Amino acid sequence: MKKILVIQGGGRPKGNTAQLVESFVKGAREAGHQTEVISLMKNEVKGCLGCNACRYGKPCIQKDSFNGLVPKIKEADLLVFASPLYFWTISSQIKAFIERFYCIAQEDPAPPLGRYEKYPVKDCALLMTSADDFFWTFQQAVSYYQFALIHYIGFCDKGMLLAGGCGDTNGRPQIDQTNHLREAYEFGKQIYSQK
Ligand SMILES: Cc1cc2nc3c(=O)[nH]c(=O)nc-3n(C[C@H](O)[C@H](O)[C@H](O)COP(=O)(O)O)c2cc1C
């Protein structure tokens, strides 16, 4: 049993992204994992101010939901980032949330080249939806995910589900007309199964 924390950053209530998350969570729960979904629409998390108070032993000075989420982040085995594709990348809510990892970094006396601090050891995964479905549609988002979360922070990638072709936001969500909900369910169910 793993503890899975899904951070949902944006998207309409009951929209494509919310439905993708719901299917993923259903699969993960059926596989016996403990899951919790945090919506960044309901829990505001602002971007880092760069004040560096956290580098002097203080909690983040910002009065928003992040400090309250820190224990959940630390307890989780897997962090799942869920976002609609907005202007070819992750939503600003997810980006702001990732910026705040700055305050959970710890001093590392011998960091590897290009990393300056130690981050908690976690698995992570990415769930995204978009209107378009070209081979380049998710390129920027995937590049950021891989660069910032996997290569820099050092999380272990458990995979991505890039759900293209879900229709634009000028109308009802159309993800139910694709295979992505089934794929998300299977992704959640299989994420820790041995291959
Ligand atoms: C501000 C905004 C920007 C968007 N940018 C893109 C984009 O760059 N590429 C794309 O394919 N779809 C784009 N879309 C469409 C959404 O990614 C797509 O409809 C998504 O599935 C909406 O998720 P939701 O139903 O959870 O709200 C954009 C939508 C909005 C509102």
# chains A, B, ... in the order shown; residues from 1 in each chain; ligands from 1

$ select_by_dssp --residues "region 105-164 of chain A" --states "strand (DSSP E or B)" --output "list in words"
Gln106, Glu107, Glu117, Lys118, Asp123, Cys124, Ala125, Leu126, Leu127, Met128, Thr129, Cys156, Asp157, Lys158, Gly159, Met160, Leu161, Leu162 and Ala163 of chain A

$ write_last_selection --atoms "C-alpha atoms" --output "compact mmCIF listing (two decimals), in the first residue's frame"
# COMPACT_ATOMS: atom_id res chain seq x y z
CA GLN A 106 17.31 20.69 3.01
CA GLU A 107 20.97 21.50 3.15
CA GLU A 117 20.01 21.12 -1.95
CA LYS A 118 18.37 17.87 -0.96
CA ASP A 123 7.85 9.06 -6.77
CA CYS A 124 5.90 11.31 -9.09
CA ALA A 125 3.56 11.14 -12.07
CA LEU A 126 1.87 13.54 -14.45
CA LEU A 127 -1.76 13.63 -15.61
CA MET A 128 -2.76 16.19 -18.24
CA THR A 129 -5.62 16.99 -20.59
CA CYS A 156 11.43 9.01 -9.52
CA ASP A 157 9.17 9.11 -12.58
CA LYS A 158 6.27 6.64 -12.40
CA GLY A 159 4.86 7.77 -15.74
CA MET A 160 2.67 10.27 -17.54
CA LEU A 161 -0.82 10.19 -18.96
CA LEU A 162 -1.16 12.87 -21.62
CA ALA A 163 -4.82 12.99 -22.57

$ select_by_dssp --residues "region 7-194 of chain A" --states "helix (DSSP H, G or I)" --output "number ranges by chain"
A: 16-30, 53-56, 66-75, 92-104, 139-152, 175-177, 180-190

$ write_last_selection --atoms "C-alpha atoms" --output "CSV table (one decimal), in the first residue's frame"
chain,number,residue,atom,x,y,z
A,16,ASN,CA,-11.7,16.7,-18.3
A,17,THR,CA,-8.9,17.0,-15.8
A,18,ALA,CA,-11.2,16.3,-12.8
A,19,GLN,CA,-12.5,13.2,-14.5
A,20,LEU,CA,-9.0,12.0,-15.4
A,21,VAL,CA,-8.0,12.4,-11.7
A,22,GLU,CA,-11.2,10.6,-10.6
A,23,SER,CA,-10.5,7.6,-12.9
A,24,PHE,CA,-6.8,7.4,-11.8
A,25,VAL,CA,-7.8,7.5,-8.1
A,26,LYS,CA,-10.4,4.8,-8.7
A,27,GLY,CA,-7.8,2.5,-10.1
A,28,ALA,CA,-5.3,3.3,-7.4
A,29,ARG,CA,-7.8,2.7,-4.6
A,30,GLU,CA,-8.8,-0.6,-6.1
A,53,ALA,CA,13.2,33.1,5.2
A,54,CYS,CA,13.1,29.3,4.8
A,55,ARG,CA,16.8,29.2,4.5
A,56,TYR,CA,17.1,30.6,8.1
A,66,PHE,CA,1.1,25.5,1.4
A,67,ASN,CA,2.4,25.2,4.9
A,68,GLY,CA,-0.7,23.1,5.9
A,69,LEU,CA,0.1,20.8,2.9
A,70,VAL,CA,3.7,20.2,3.8
A,71,PRO,CA,3.0,17.2,6.2
A,72,LYS,CA,0.9,15.6,3.5
A,73,ILE,CA,3.7,16.1,0.9
A,74,LYS,CA,6.3,14.6,3.3
A,75,GLU,CA,4.1,11.6,4.1
A,92,SER,CA,0.1,28.4,-13.2
A,93,GLN,CA,-1.3,26.8,-10.1
A,94,ILE,CA,0.9,23.7,-10.5
A,95,LYS,CA,3.9,25.8,-11.3
A,96,ALA,CA,3.4,27.9,-8.2
A,97,PHE,CA,3.0,24.7,-6.1
A,98,ILE,CA,6.3,23.4,-7.5
A,99,GLU,CA,8.1,26.7,-6.7
A,100,ARG,CA,7.2,26.3,-3.1
A,101,PHE,CA,9.2,23.1,-2.8
A,102,TYR,CA,12.0,25.6,-2.3
A,103,CYS,CA,11.0,25.7,1.3
A,104,ILE,CA,11.1,22.0,1.9
A,139,GLN,CA,6.2,18.9,-25.4
A,140,GLN,CA,6.7,21.9,-23.2
A,141,ALA,CA,4.8,20.4,-20.2
A,142,VAL,CA,6.7,17.1,-20.4
A,143,SER,CA,10.0,19.0,-20.8
A,144,TYR,CA,9.3,21.0,-17.6
A,145,TYR,CA,8.2,17.9,-15.7
A,146,GLN,CA,11.3,16.0,-16.7
A,147,PHE,CA,13.7,18.8,-16.1
A,148,ALA,CA,12.4,20.3,-12.9
A,149,LEU,CA,10.8,17.3,-11.1
A,150,ILE,CA,12.9,14.3,-12.3
A,151,HIS,CA,16.3,15.7,-13.1
A,152,TYR,CA,16.6,18.6,-10.7
A,175,ILE,CA,-13.0,13.2,-22.3
A,176,ASP,CA,-15.7,10.6,-21.9
A,177,GLN,CA,-15.6,10.2,-25.7
A,180,HIS,CA,-8.4,8.3,-21.6
A,181,LEU,CA,-10.6,7.6,-18.6
A,182,ARG,CA,-10.0,3.9,-19.0
A,183,GLU,CA,-6.2,4.6,-19.5
A,184,ALA,CA,-6.2,6.6,-16.3
A,185,TYR,CA,-8.0,3.9,-14.3
A,186,GLU,CA,-5.4,1.3,-15.6
A,187,PHE,CA,-2.6,3.7,-14.8
A,188,GLY,CA,-3.8,4.1,-11.2
A,189,LYS,CA,-4.3,0.4,-10.9
A,190,GLN,CA,-1.0,-0.7,-12.3

$ residues_near_ligand --ligand "ligand 1" --cutoff "6 Å" --atoms "only C-alpha atoms and all ligand atoms" --output "PDB file with N, CA and C atoms, in the first residue's frame"
ATOM      1  N   GLY A  11      -8.496  23.491 -14.006  1.00  0.00           N
ATOM      2  CA  GLY A  11      -9.503  22.704 -14.698  1.00  0.00           C
ATOM      3  C   GLY A  11     -10.882  22.997 -14.127  1.00  0.00           C
ATOM      4  N   ARG A  12     -11.892  22.735 -14.955  1.00  0.00           N
ATOM      5  CA  ARG A  12     -13.265  23.010 -14.538  1.00  0.00           C
ATOM      6  C   ARG A  12     -13.745  21.957 -13.539  1.00  0.00           C
ATOM      7  N   GLY A  15     -14.667  18.771 -14.973  1.00  0.00           N
ATOM      8  CA  GLY A  15     -14.093  18.906 -16.319  1.00  0.00           C
ATOM      9  C   GLY A  15     -13.234  17.694 -16.682  1.00  0.00           C
ATOM     10  N   ASN A  16     -12.527  17.820 -17.801  1.00  0.00           N
ATOM     11  CA  ASN A  16     -11.704  16.718 -18.300  1.00  0.00           C
ATOM     12  C   ASN A  16     -10.648  16.295 -17.281  1.00  0.00           C
ATOM     13  N   THR A  17      -9.984  17.292 -16.682  1.00  0.00           N
ATOM     14  CA  THR A  17      -8.896  16.984 -15.751  1.00  0.00           C
ATOM     15  C   THR A  17      -9.447  16.336 -14.483  1.00  0.00           C
ATOM     16  N   ALA A  18     -10.545  16.888 -13.968  1.00  0.00           N
ATOM     17  CA  ALA A  18     -11.159  16.315 -12.751  1.00  0.00           C
ATOM     18  C   ALA A  18     -11.588  14.868 -13.005  1.00  0.00           C
ATOM     19  N   PRO A  84      -4.753  20.799 -16.634  1.00  0.00           N
ATOM     20  CA  PRO A  84      -5.062  20.996 -18.052  1.00  0.00           C
ATOM     21  C   PRO A  84      -3.851  21.655 -18.721  1.00  0.00           C
ATOM     22  N   LEU A  85      -3.727  21.492 -20.016  1.00  0.00           N
ATOM     23  CA  LEU A  85      -2.665  22.181 -20.756  1.00  0.00           C
ATOM     24  C   LEU A  85      -3.131  23.611 -20.998  1.00  0.00           C
ATOM     25  N   TYR A  86      -2.413  24.568 -20.453  1.00  0.00           N
ATOM     26  CA  TYR A  86      -2.737  25.976 -20.654  1.00  0.00           C
ATOM     27  C   TYR A  86      -1.561  26.648 -21.371  1.00  0.00           C
ATOM     28  N   PHE A  87      -1.800  27.173 -22.522  1.00  0.00           N
ATOM     29  CA  PHE A  87      -0.739  27.815 -23.313  1.00  0.00           C
ATOM     30  C   PHE A  87       0.498  26.939 -23.382  1.00  0.00           C
ATOM     31  N   TRP A  88       0.242  25.678 -23.702  1.00  0.00           N
ATOM     32  CA  TRP A  88       1.279  24.688 -24.024  1.00  0.00           C
ATOM     33  C   TRP A  88       2.115  24.245 -22.840  1.00  0.00           C
ATOM     34  N   THR A 129      -4.630  17.018 -19.506  1.00  0.00           N
ATOM     35  CA  THR A 129      -5.621  16.992 -20.590  1.00  0.00           C
ATOM     36  C   THR A 129      -5.388  18.206 -21.494  1.00  0.00           C
ATOM     37  N   SER A 130      -5.842  18.081 -22.742  1.00  0.00           N
ATOM     38  CA  SER A 130      -5.725  19.213 -23.666  1.00  0.00           C
ATOM     39  C   SER A 130      -6.798  19.106 -24.735  1.00  0.00           C
ATOM     40  N   ALA A 131      -6.945  20.196 -25.490  1.00  0.00           N
ATOM     41  CA  ALA A 131      -7.844  20.189 -26.636  1.00  0.00           C
ATOM     42  C   ALA A 131      -7.156  19.525 -27.830  1.00  0.00           C
ATOM     43  N   ASP A 132      -5.954  19.974 -28.140  1.00  0.00           N
ATOM     44  CA  ASP A 132      -5.218  19.449 -29.297  1.00  0.00           C
ATOM     45  C   ASP A 132      -4.668  18.055 -29.022  1.00  0.00           C
ATOM     46  N   CYS A 166      -9.380  16.278 -25.871  1.00  0.00           N
ATOM     47  CA  CYS A 166     -10.542  16.287 -24.949  1.00  0.00           C
ATOM     48  C   CYS A 166     -11.504  17.439 -25.233  1.00  0.00           C
ATOM     49  N   GLY A 167     -11.269  18.179 -26.304  1.00  0.00           N
ATOM     50  CA  GLY A 167     -12.142  19.310 -26.625  1.00  0.00           C
ATOM     51  C   GLY A 167     -11.708  20.568 -25.892  1.00  0.00           C
ATOM     52  N   ASP A 168     -12.123  21.718 -26.432  1.00  0.00           N
ATOM     53  CA  ASP A 168     -11.753  22.970 -25.754  1.00  0.00           C
ATOM     54  C   ASP A 168     -12.742  23.257 -24.615  1.00  0.00           C
ATOM     55  N   THR A 169     -12.537  24.363 -23.908  1.00  0.00           N
ATOM     56  CA  THR A 169     -13.364  24.642 -22.725  1.00  0.00           C
ATOM     57  C   THR A 169     -14.650  25.396 -23.090  1.00  0.00           C
ATOM     58  N   PRO A 173     -17.207  19.052 -21.233  1.00  0.00           N
ATOM     59  CA  PRO A 173     -16.006  18.230 -21.314  1.00  0.00           C
ATOM     60  C   PRO A 173     -16.255  17.006 -22.200  1.00  0.00           C
TER      61      PRO A 173
END

$ atom_distance --atom1 "CA of Asn43 (chain A)" --atom2 "CA of Ile191 (chain A)"
26.4 Å

$ decode --residues "region 125-163 of chain A" --atoms "C-alpha atoms" --output "PDB file, in the first residue's frame"
ATOM      1  CA  ALA A 125       3.561  11.136 -12.074  1.00  0.00           C
ATOM      2  CA  LEU A 126       1.873  13.545 -14.453  1.00  0.00           C
ATOM      3  CA  LEU A 127      -1.760  13.627 -15.610  1.00  0.00           C
ATOM      4  CA  MET A 128      -2.761  16.193 -18.236  1.00  0.00           C
ATOM      5  CA  THR A 129      -5.621  16.992 -20.590  1.00  0.00           C
ATOM      6  CA  SER A 130      -5.725  19.213 -23.666  1.00  0.00           C
ATOM      7  CA  ALA A 131      -7.844  20.189 -26.636  1.00  0.00           C
ATOM      8  CA  ASP A 132      -5.218  19.449 -29.297  1.00  0.00           C
ATOM      9  CA  ASP A 133      -3.677  16.084 -29.939  1.00  0.00           C
ATOM     10  CA  PHE A 134      -0.568  16.596 -32.038  1.00  0.00           C
ATOM     11  CA  PHE A 135       2.784  14.969 -31.366  1.00  0.00           C
ATOM     12  CA  TRP A 136       4.091  18.278 -30.018  1.00  0.00           C
ATOM     13  CA  THR A 137       1.023  19.175 -27.932  1.00  0.00           C
ATOM     14  CA  PHE A 138       2.523  18.272 -24.533  1.00  0.00           C
ATOM     15  CA  GLN A 139       6.162  18.882 -25.416  1.00  0.00           C
ATOM     16  CA  GLN A 140       6.681  21.942 -23.172  1.00  0.00           C
ATOM     17  CA  ALA A 141       4.832  20.430 -20.236  1.00  0.00           C
ATOM     18  CA  VAL A 142       6.730  17.138 -20.439  1.00  0.00           C
ATOM     19  CA  SER A 143      10.013  18.966 -20.795  1.00  0.00           C
ATOM     20  CA  TYR A 144       9.337  20.991 -17.625  1.00  0.00           C
ATOM     21  CA  TYR A 145       8.156  17.912 -15.709  1.00  0.00           C
ATOM     22  CA  GLN A 146      11.269  15.965 -16.653  1.00  0.00           C
ATOM     23  CA  PHE A 147      13.691  18.797 -16.147  1.00  0.00           C
ATOM     24  CA  ALA A 148      12.383  20.276 -12.878  1.00  0.00           C
ATOM     25  CA  LEU A 149      10.848  17.325 -11.074  1.00  0.00           C
ATOM     26  CA  ILE A 150      12.865  14.344 -12.272  1.00  0.00           C
ATOM     27  CA  HIS A 151      16.308  15.676 -13.142  1.00  0.00           C
ATOM     28  CA  TYR A 152      16.553  18.604 -10.741  1.00  0.00           C
ATOM     29  CA  ILE A 153      14.480  17.715  -7.670  1.00  0.00           C
ATOM     30  CA  GLY A 154      15.267  14.049  -8.226  1.00  0.00           C
ATOM     31  CA  PHE A 155      11.825  12.454  -7.976  1.00  0.00           C
ATOM     32  CA  CYS A 156      11.427   9.013  -9.516  1.00  0.00           C
ATOM     33  CA  ASP A 157       9.171   9.111 -12.580  1.00  0.00           C
ATOM     34  CA  LYS A 158       6.274   6.638 -12.405  1.00  0.00           C
ATOM     35  CA  GLY A 159       4.860   7.766 -15.743  1.00  0.00           C
ATOM     36  CA  MET A 160       2.667  10.266 -17.538  1.00  0.00           C
ATOM     37  CA  LEU A 161      -0.816  10.191 -18.965  1.00  0.00           C
ATOM     38  CA  LEU A 162      -1.156  12.868 -21.625  1.00  0.00           C
ATOM     39  CA  ALA A 163      -4.816  12.989 -22.565  1.00  0.00           C
TER      40      ALA A 163
END
